[in-house]
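Data first, discussion second: the structure below is written as structure tokens.
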Amino acid sequence: MSNVAIVTDSAASIPEAIVERLNIHWVPYYIHRGEEVLRDLVTIQRDAFYKWLPTARELPKTASPGPGDYVQMYEGLAQQEGVREIVSIHMTSKGSGAYQAARVAKEMLAEKMPHLRVEVIDTLNVSMCQGWMVIEAARSALAGKSFADIVNQVRSMMPITRMIQTADTLKYLYMGGRIGRAKHLVGSFLNIKPLIGMDDGVIVPLGQARSRDKAYEAMTQMIETTVGKMGKIKIAYVHAAAQEEAEKIKGLVERRLTCVESLIAELSPALGVHTGPGTAGVCYYPVKDEG
């Protein structure tokens, strides 16, 4: 049993097999679909959600877990598993209230459980960029690394972990108020595929392409520019109901870069609300060696 517990939320979109294998603890987001309140990846799964979403007359609302959800998680880990240290890793605070909710939960428990040490981290990122930080933290915890070492490891990944994605439309991001500094791309012609990323916790435009294939080529070139030809990276090919598109990106990237580790991850419904089905892209970071 690791001395340090790693907590995150469903927005990290980490494949379930990895979550289980690395003993990652997660809290679900909420999705309000009319009068119905769903819990991300608990009472609504990806397949059913992405089949329904294009038929929606009104975009569902999402809500981050509340302080009580995190209190329940932290308390459960302390009381049931004897955990004394927790690293809690969350998506950008500029697009979600999860980080603030977790901070409040930490304060709520400070007097009740003074022995419990909790570090709450705002990754200023999202999706499998957040997910990679969680995965590496969990691996370090299982390897017996110290609380301080794990926190420092996550913080060191924050400036170098990058997202690039594209979709047929940005209407979902726009309707959900998550478009950030890429608002001007919303009115692009239908045959123009926008490329977006994240900078300092907000969505930013990275460019445009005239087809999906050209967008994927541009993604690959952006990664290569960042890490160098055949540079070593760990990468997740992320998508929303677009497995074949993720596979296309994988084929391009892995011919031109050295992928020390790669995986395919489908966005959770709480993120898919904002990206829409058909979204595909990458979350990656450079590595110095294969360790």
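Letters A, B, ... go to the chains of the structure tokens in the order shown; residues in each chain start at 1; ligands are counted from 1 in the same order.
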
So which residues touch segment 121-132 of chain A within 10 Å, counting only C-alpha atoms, skipping near sequence neighbours fewer than 6 positions away, as number ranges by chain?
A: 8-15, 19, 87-96, 98-100, 102-103, 138, 151, 154-155, 157-163, 197-203, 234-238, 264-268, 271, 282-285

Pull the strand (DSSP E or B) assignments for segment 23-254 of chain A out of DSSP run on the backbone, and list those residues as a ChimeraX atom specification.
/A:25-27,30-33,36-40,44,61-63,85-90,117-122,162-166,193-199,202-209,232-239

Could you check the closest approach to Leu53 of chain A for each of A:Gly144, A:Pro65, A:Pro114, A:Gly272 and tell me which residue wins, using only C-alpha atoms?
A:Gly272

Under the rule that only C-alpha atoms are counted, which of A:Met230, A:Ala63, A:Ile6, A:Ile18 is the nearest residue to Asp40 of chain A?
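The shortest atom-to-atom distance to Asp40 of chain A comes from A:Ala63.
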
Counting only C-alpha atoms, the residue among A:Ile31, A:Val7, A:Met113, A:Leu257 that lies closest to His274 of chain A is A:Ile31

Which residue, A:Ile233, A:Ile150, A:Ile223, A:Ala78, has the smallest gap to Val134 of chain A when you use only C-alpha atoms?
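The shortest atom-to-atom distance to Val134 of chain A comes from A:Ile150.
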
Minimum-distance residue to Arg21 of chain A, chosen among A:Val120, A:Met73, A:Ile135, A:Ala101 (using only C-alpha atoms):
A:Ile135

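Closest to Ala110 of chain A among A:Leu142, A:Ala240, A:Glu75, A:Pro269 is A:Glu75, based on only C-alpha atoms.
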
Quick one: residues within 10 Å of Gly281 of chain A, only C-alpha atoms, excluding same-chain residues fewer than 4 positions away - as number ranges by chain?
A: 163-167, 195-197, 215-216, 219, 236-240, 242, 245-246, 249-250

Restricted to C-alpha atoms, what would the selected residues look like written as an mmCIF file, in the first residue's frame?
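Generated output (again11.cif):
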data_model
loop_
_atom_site.group_PDB
_atom_site.id
_atom_site.type_symbol
_atom_site.label_atom_id
_atom_site.label_comp_id
_atom_site.auth_asym_id
_atom_site.auth_seq_id
_atom_site.Cartn_x
_atom_site.Cartn_y
_atom_site.Cartn_z
ATOM 1 C CA MET A 163 -2.834 19.742 -25.565
ATOM 2 C CA ILE A 164 -3.693 20.141 -29.249
ATOM 3 C CA GLN A 165 -7.121 19.216 -30.562
ATOM 4 C CA THR A 166 -9.458 19.780 -33.463
ATOM 5 C CA ALA A 167 -13.137 19.239 -34.249
ATOM 6 C CA LEU A 195 -6.714 23.785 -33.932
ATOM 7 C CA ILE A 196 -6.850 24.765 -30.285
ATOM 8 C CA GLY A 197 -4.654 24.304 -27.252
ATOM 9 C CA ALA A 215 -5.109 19.358 -39.153
ATOM 10 C CA TYR A 216 -3.499 16.119 -37.999
ATOM 11 C CA MET A 219 -0.562 18.742 -34.978
ATOM 12 C CA ALA A 236 -2.303 10.273 -25.244
ATOM 13 C CA TYR A 237 -4.479 10.351 -28.344
ATOM 14 C CA VAL A 238 -7.765 11.730 -27.045
ATOM 15 C CA HIS A 239 -11.127 11.722 -28.731
ATOM 16 C CA ALA A 240 -14.868 11.969 -28.247
ATOM 17 C CA ALA A 242 -13.857 9.326 -32.748
ATOM 18 C CA GLU A 245 -9.559 9.698 -35.948
ATOM 19 C CA ALA A 246 -7.352 9.132 -32.888
ATOM 20 C CA ILE A 249 -3.190 10.855 -35.504
ATOM 21 C CA LYS A 250 -1.313 8.007 -33.833
#

His115 of chain A surroundings by only C-alpha atoms, 12 Å radius, close-in-sequence under 5 positions cut, as a VMD selection string:
chain A and resid 75 78 to 79 82 to 86 106 109 to 110

Using C-alpha atoms, can you export the residues from the last selection as a PDB file, in the first residue's frame?
ATOM      1  CA  GLU A  75     -12.160  11.227   4.835  1.00  0.00           C
ATOM      2  CA  ALA A  78      -7.993   8.436   5.842  1.00  0.00           C
ATOM      3  CA  GLN A  79     -10.488   6.381   7.838  1.00  0.00           C
ATOM      4  CA  GLY A  82      -5.240   4.728   6.852  1.00  0.00           C
ATOM      5  CA  VAL A  83      -3.936   7.298   4.376  1.00  0.00           C
ATOM      6  CA  ARG A  84      -2.132  10.246   5.949  1.00  0.00           C
ATOM      7  CA  GLU A  85      -1.024  12.110   2.796  1.00  0.00           C
ATOM      8  CA  ILE A  86      -3.061  12.975  -0.295  1.00  0.00           C
ATOM      9  CA  LYS A 106      -8.982  20.557   2.661  1.00  0.00           C
ATOM     10  CA  LEU A 109     -10.860  18.786   7.349  1.00  0.00           C
ATOM     11  CA  ALA A 110      -7.887  20.706   8.748  1.00  0.00           C
TER      12      ALA A 110
END

If we count only C-alpha atoms, what is near Arg256 of chain A at a cut-off of 7 Å, once residues fewer than 3 positions away on the same chain are taken out, given as a PDB file with N, CA and C atoms, in the first residue's frame?
ATOM      1  N   LYS A 229      12.919  16.577 -33.991  1.00  0.00           N
ATOM      2  CA  LYS A 229      12.662  15.403 -34.825  1.00  0.00           C
ATOM      3  C   LYS A 229      13.042  14.135 -34.059  1.00  0.00           C
ATOM      4  N   MET A 230      12.134  13.185 -34.048  1.00  0.00           N
ATOM      5  CA  MET A 230      12.261  11.923 -33.296  1.00  0.00           C
ATOM      6  C   MET A 230      12.455  12.166 -31.794  1.00  0.00           C
ATOM      7  N   LEU A 252       0.393   9.038 -37.749  1.00  0.00           N
ATOM      8  CA  LEU A 252       1.246  10.137 -38.194  1.00  0.00           C
ATOM      9  C   LEU A 252       2.343  10.441 -37.182  1.00  0.00           C
ATOM     10  N   VAL A 253       1.948  10.569 -35.923  1.00  0.00           N
ATOM     11  CA  VAL A 253       2.886  10.978 -34.877  1.00  0.00           C
ATOM     12  C   VAL A 253       3.988   9.944 -34.694  1.00  0.00           C
TER      13      VAL A 253
END
